[in-house]
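What follows is a single structure, written as structure tokens, with notes after it.
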Amino acid sequence: MIIAEVCVNVATNSLQKNFTYRVPERLKFLAAGWRVFVPFGAQKLDGFVIKVREVDDATEFDFELKEIFDVFDDEPWFTPEMMSAARWLAEFYLCPLSLAMGLFMPGRRGKKISARYEKVLTLKKNFDEKNFSNKPAQLKILKFLSEHGELSLSGKKFSSETIKSLVAGGFVEVEQRRTFRDSYAKIKSVPKPFELTAEQVAAIAAVEKFLARKIFQGFLLFGVTGSGKTQVYIELAKKTRRLGRRVIILVPEIALTGQIVANFKAYFADVAVIHSRLSIAERSDTFHKIRGGEVGIVIGARSALFTPLENVGLIVVDEEQDSSYKQDKNPPRYHARIVAEEFAKFHDAAIIFGSATPSLENFFRAQNGELILLKMPRRVLNNPLPQVERVDMRGELRAGNKSVLSLKLVELLKKTLAEKNQAILLLNRRGWSTVVMCRNCGEVAKCPDCGRTMTYHADGRLLCHHCEIFSKPPEICPKCGSRRIKFLGTGTEKLESALKNFLPAAKVLRMDRDSTGGRFGHKKILDAFAAHEFDILFGTQMVAKGHDIGGVTTVGVLSADVALTFTNFRAAENCFTLITQAAGRAGRADLPGKVIVQAYDIEAPAIRFGCEQDYEKFFAHELPQRKEVFFPPFCRLVKLIFMNTDEQKAKDFAKKIRDSFQAEVVKKFSARQEIFGPIPAAVSNLRGVHRFVLLIKSADLSSVKIFLQAHGLHKRDDVLIDIDPLTTD
């Protein structure tokens with residue numbers, strides 16, 4: 001009897017084991033890596049074959065095994081490398097193997113995706129035109145085939161009788177051929193003339209040595225905005241492809257894929273794109289193209305790591321500092337930066353972390369020699385960095401200006417438009433008013449499900465951006481009964497109103513999560529702005545990331561210090577990064593750039609160094625503070641969230657684990673370990689479930705994971721484990 005160990009796709013932590021099934025005779029070809037349908041209780045679920053072996057019917061089992069129903073695909077889905085990667089993910093992030101393997105699926109688990117086919121005609125034998133003088137339709141097809149070799153019938157209006165006659169006469173053959181959906185197929189580009197800078201040449205040479213020797217090595221490409229990091233990626237991709245190896249390019253935001261895809265398509269024909277805004281069918285088609293060897297370069301957001309690309313020689317993590325690389329909503333709560341490096345080790349590949357504002361963790365590693373540091377401190381063509389000026393908004397208020405726009409910024413925008421140039425404005429919020437508050441008792445409008453503050457929009461509704469729940473703003477305070485309801489804060493919609501007031505002739509374009517719905521919402525907005533159909537692009541953080549638009553000479557950063565108000569150890573780093581990245585959008589072509597940064601605390605170090613665009617000064621200032629309070633890069637963080645409908649039970653269980661950790665880890669391991677909490681989570685009550693946080697700081701992550709496994713926390717559905725969390729609450 002042939003049996004298979006199957007990892008059944010059940011989304012629960014408590015079932016972290018494989019199940020054994022009998023393999024029917026018709027499926028005896030099964031091996032590790034196949035996707036199958038299996039009976040599971042009264043359900044029919046999908047799963048992944050982990051191992052297949054032959055056993056003695058009489059001695060191995062004392063019960064009757066259930067039989068595998070069917071297979072998903074025409075071939076194994078998982079390569080041995082993908083299986084190894086999934087096992088590593090499950091072990092590192094302490095999650096069920098089924099959830100780790102689910103990352104490698106193009107869409108929803110448990111659902112077959114229908115393939116699209118087209119009919120293609122090919123010429124089978126020569127023909128004499130004289131014999132088709134009274135058959136013009138047949139002759140037209142034959143002439144086309146003699147010139148072009150084949151003819152797709154998709155969308156062609158040839159009668160079925162015409163085709164049947166040619167087939168019957170032995171002149172043509174009809175083949176069913178799979179077609180692949182590709183929303184990026186129409187993106188065409190041509191190489192632009194350029195001359196590599198000395199810094200670019202040096203960076204390429206440093207990485208090339210390791211590509212040629214097929215040795216894993218990590219690099220930090222630290223280049224100012226506009227220094228030509230993308231061209232370095234392209235040149236190294238050329239060298240990788242010449243070696244017969246493949247390339248993965250990661251970008252943090254879907255909004256950035258269109259631009260970088262166009263850059264790469266100028267040099268490569270075998271580029272594929274993967275991100276979550278594509279349809280499931282399109283992602284599935286892309287996976288099949290990759291599996292068939294038709295793709296040499298995969299570009300996309302963090303999910304692009306999980307394609308079946310083999311023989312990878314180069315992985316690039318562009319804008320590596322970006323928080324979008326962290327998956328923190330569902331398990332496994334992985335960080336693509338960490339996973340990408342591990343995958344590079346699997347493939348003996350080079351990995352490049354690129355940024356003008358590197359994460360403190362990676363810059364610290366580069367300083368210590370863990371990563372090879374490659375510096376590009378100048379823009380291409382020696383174009384200067386933009387001039388940055390700070391504006392104290394307290395002075396604006398004293399002068400009677402209550403607008404979100406300072407008078408200096410308004411004047412600069414007027415000058416920019418008069419010179420027929422463009423501007424980008426960044427506001428670190430969205431919506432019309434950030435808070436709807438009772439002035440009598442201070443109560444703010446909160447989401448009924450998660451308890452987070454709701455955002456007021458100009459359509460008159462409150463929206464929870466976490467739960468996507470709408471409600472009407474209160475007319476009477478639900479807490480004290482007062483009618484003194486006030487709308488506080490500034491959002492993108494209020495900024496839009498201010499722009500129309502100060503600059504009525506300006507053509508303005510908003511870009512935030514509310515305005516970029518649909519598959520290519522980001523690209524449509526950026527394309528329209530790049531074509532100079534609009535004068536001012538404004539919005540939330542996504543306007544600050546990676547865009548290279550030559551007409552932009554002015555950038556305004558509004559409420560720059562709002563990030564510093566968050567209780568997050570990364571607050572200063574995030575503030576510095578936001579200013580530097582936003583400023584980098586200005587003056588990227590021949591025209592000089594000017595940036596105005598508005599804040600209420602313009603002397604805050606993050607703002608001062610950000611305006612100076614001096615990362616190394618900021619790093620030197622921030623690092624000692626991180627060391628003093630024992631935060632990354634001097635430790636690894638693990639966040640545990642304990643959940644229960646009974647608030648006291650959730651809190652008591654968290655206390656019990658805290659005390660055990662103190663006794664079993666803090667007092668016994670020589671490496672520094674600290675644990676804090678329990679404290680209420682940022683979302684302290686989610687749909688009636690109370691949530692408390694324990695935060696662990698550790699100089700030895702392995703000892704923490706051993707503790708969590710020993711106490712079975714990874715197998716509980718009432719405990720969330722987040723390794724390397726972005727936030728601490």
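Labeling convention for the structure tokens: chains A, B, ... as they appear, residues from 1 per chain, ligands from 1 in order of appearance.
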- Message: Excluding Leu591 of chain A and its own-chain neighbours fewer than 5 positions away, which residues fall within 10 Å of it when counting only C-alpha atoms? Please give them as a list in words.
- Response: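 My list of contacting residues is Asn383, Pro384, Pro386, Asn421, Gly550, Gly551, Val552, Thr553 and Ala586 of chain A.
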Would you write out those residues with C-alpha atoms, as a compact mmCIF listing (two decimals), in the first residue's frame?
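File again35.txt, as written:
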# COMPACT_ATOMS: atom_id res chain seq x y z
CA ASN A 383 22.83 67.27 -9.81
CA PRO A 384 22.56 68.90 -6.37
CA PRO A 386 17.27 69.96 -3.17
CA ASN A 421 6.79 73.19 -13.03
CA GLY A 550 11.45 65.18 -13.89
CA GLY A 551 8.99 68.08 -13.76
CA VAL A 552 8.84 68.16 -9.96
CA THR A 553 10.85 71.03 -8.52
CA ALA A 586 12.37 67.26 -5.99
- When DSSP works through the backbone of this structure, what residues of segment 181-420 of chain A end up as alpha helix (DSSP H), shown as a PyMOL selection string? chain A and resi 198-213+229-242+257-265+280-291+336-347+360-367+393-398+407-418
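You will find atom CA of Asp724 of chain A at 6.3 Å from atom CA of Arg636 of chain A.
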- Restricting to only C-alpha atoms, whichever of A:Cys447, A:Val557, A:Leu220, A:Leu211 is closest to Val247 of chain A is A:Leu211
Taking only residues of segment 568-620 of chain A that have an atom at most 9 Å from an atom of segment 389-394 of chain A, what is each one's shortest atom pair and its distance in Å to one decimal, using only C-alpha atoms, in chain and number order, as a tab-separated table?
residue	atom	partner	partner_atom	distance
A:Lys594	CA	A:Glu389	CA	8.0
A:Val595	CA	A:Glu389	CA	6.2
A:Ile596	CA	A:Glu389	CA	4.9
A:Val597	CA	A:Arg390	CA	4.8
A:Gln598	CA	A:Val391	CA	4.8
A:Ala599	CA	A:Asp392	CA	5.6
A:Tyr600	CA	A:Met393	CA	5.2
A:Asp601	CA	A:Asp392	CA	7.0
A:Ile602	CA	A:Asp392	CA	6.1
A:Ile607	CA	A:Arg390	CA	8.5
A:Arg608	CA	A:Arg390	CA	8.3
A:Cys611	CA	A:Glu389	CA	7.0
- Query: Can you tell me, as a list of chain:residue names, what residues are no more than 10 Å from Pro331 of chain A when counting only C-alpha atoms, ignoring any on the same chain fewer than 4 positions away?
  - Reply: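 Everything that qualifies: A:Ala11, A:Asn13, A:Ala90, A:Tyr93, A:Leu94, A:Cys95, A:Pro96, A:Leu99, A:Ala100, A:Leu103, A:Gln327, A:Leu720, A:Ile721, A:Asp722.
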- Name the residues of segment 288-504 of chain A that fall into strand (DSSP E or B) according to DSSP on the backbone, using the chain letters and numbers of this document, as a PyMOL selection string. chain A and resi 297-300+312-318+326+335+350-355+372-376+387-392+422-427+433+435-438+444+446+453+455-456+462-464+469-471+485-488
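The closest residue to Ser482 of chain A, picked from A:Ser359, A:Ile579, A:His347, A:Cys438 and counting only C-alpha atoms, is A:Cys438.
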Show me, as a Markdown table, the residues of segment 202-318 of chain A having an atom within 8 Å of segment 160-183 of chain A, each with the closest atom pair and its distance in Å, using only C-alpha atoms.
| residue | atom | partner | partner_atom | distance |
| --- | --- | --- | --- | --- |
| A:Ala281 | CA | A:Arg181 | CA | 7.7 |
| A:Glu282 | CA | A:Arg181 | CA | 5.3 |
| A:Asp285 | CA | A:Phe180 | CA | 5.3 |
| A:Thr286 | CA | A:Phe180 | CA | 7.2 |
| A:Lys289 | CA | A:Phe180 | CA | 7.7 |
Keeping only N, CA and C atoms, take the residues you just selected and write them out as a PDB file, in the first residue's frame.
ATOM      1  N   ALA A 281      -6.310  34.704 -11.199  1.00  0.00           N
ATOM      2  CA  ALA A 281      -6.030  34.017 -12.465  1.00  0.00           C
ATOM      3  C   ALA A 281      -4.738  34.537 -13.086  1.00  0.00           C
ATOM      4  N   GLU A 282      -4.526  35.849 -13.005  1.00  0.00           N
ATOM      5  CA  GLU A 282      -3.313  36.416 -13.585  1.00  0.00           C
ATOM      6  C   GLU A 282      -2.076  35.989 -12.811  1.00  0.00           C
ATOM      7  N   ASP A 285      -1.366  32.439 -13.827  1.00  0.00           N
ATOM      8  CA  ASP A 285      -0.718  32.387 -15.138  1.00  0.00           C
ATOM      9  C   ASP A 285       0.763  32.739 -15.030  1.00  0.00           C
ATOM     10  N   THR A 286       1.058  33.752 -14.218  1.00  0.00           N
ATOM     11  CA  THR A 286       2.452  34.165 -14.044  1.00  0.00           C
ATOM     12  C   THR A 286       3.269  33.057 -13.399  1.00  0.00           C
ATOM     13  N   LYS A 289       4.087  30.539 -16.055  1.00  0.00           N
ATOM     14  CA  LYS A 289       5.150  31.023 -16.938  1.00  0.00           C
ATOM     15  C   LYS A 289       6.513  30.889 -16.267  1.00  0.00           C
TER      16      LYS A 289
END
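Note that the spacing between atom CA of Met101 of chain A and atom CA of Ala86 of chain A amounts to 5.4 Å.
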- Item | Gap from atom CA of Phe69 of chain A to atom CA of Ala32 of chain A - Å, one decimal |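 Taking atom CA of Phe69 of chain A as the start and atom CA of Ala32 of chain A as the end point, the length is 16.3 Å.
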- Item | Selection near Thr257 of chain A, 8 Å with only C-alpha atoms, sequence-local residues under 5 positions removed, as a list in words |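 Here the answer would be Val251, Val273, Ile299, Gly300 and Ala301 of chain A.
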I need the residues from that last selection saved to file as a CSV table (one decimal), in the first residue's frame (with N, CA and C atoms), if you can.
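Done, and the output landed in selection_24.csv:
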chain,number,residue,atom,x,y,z
A,251,VAL,N,9.9,45.6,-4.4
A,251,VAL,CA,9.6,47.0,-4.1
A,251,VAL,C,8.6,47.0,-3.0
A,273,VAL,N,5.5,40.2,-13.3
A,273,VAL,CA,5.2,41.0,-12.2
A,273,VAL,C,4.2,40.3,-11.3
A,299,ILE,N,9.5,40.9,-10.7
A,299,ILE,CA,9.4,42.1,-10.0
A,299,ILE,C,8.1,42.2,-9.2
A,300,GLY,N,8.1,42.7,-8.0
A,300,GLY,CA,6.9,42.8,-7.2
A,300,GLY,C,7.0,43.2,-5.8
A,301,ALA,N,5.9,43.2,-5.1
A,301,ALA,CA,5.9,43.5,-3.7
A,301,ALA,C,6.4,42.2,-3.0
- Excluding same-chain residues fewer than 4 positions from Gly451 of chain A, what lies within 8 Å of it counting only C-alpha atoms, as JSON, numbers by chain? {"A": [446, 447, 683, 684, 685, 686]}
Selection to disk with N, CA and C atoms, as a compact mmCIF listing (two decimals), in the first residue's frame:
# COMPACT_ATOMS: atom_id res chain seq x y z
N LYS A 446 -14.95 56.36 18.14
CA LYS A 446 -14.13 55.16 17.98
C LYS A 446 -14.90 54.06 17.27
N CYS A 447 -14.13 53.15 16.66
CA CYS A 447 -14.73 52.03 15.95
C CYS A 447 -15.41 51.09 16.94
N VAL A 683 -5.12 47.70 19.72
CA VAL A 683 -6.53 47.36 19.55
C VAL A 683 -6.87 46.47 20.74
N SER A 684 -7.32 47.08 21.82
CA SER A 684 -7.47 46.35 23.08
C SER A 684 -8.72 45.49 23.14
N ASN A 685 -9.69 45.79 22.29
CA ASN A 685 -10.93 45.00 22.27
C ASN A 685 -11.38 44.88 20.84
N LEU A 686 -11.23 43.69 20.27
CA LEU A 686 -11.58 43.45 18.87
C LEU A 686 -12.79 42.52 18.82
- Item | Who sits within 12 Å of Lys186 of chain A, only C-alpha atoms, same chain under 5 positions skipped, as a PyMOL selection string | chain A and resi 181+258+261-262+265
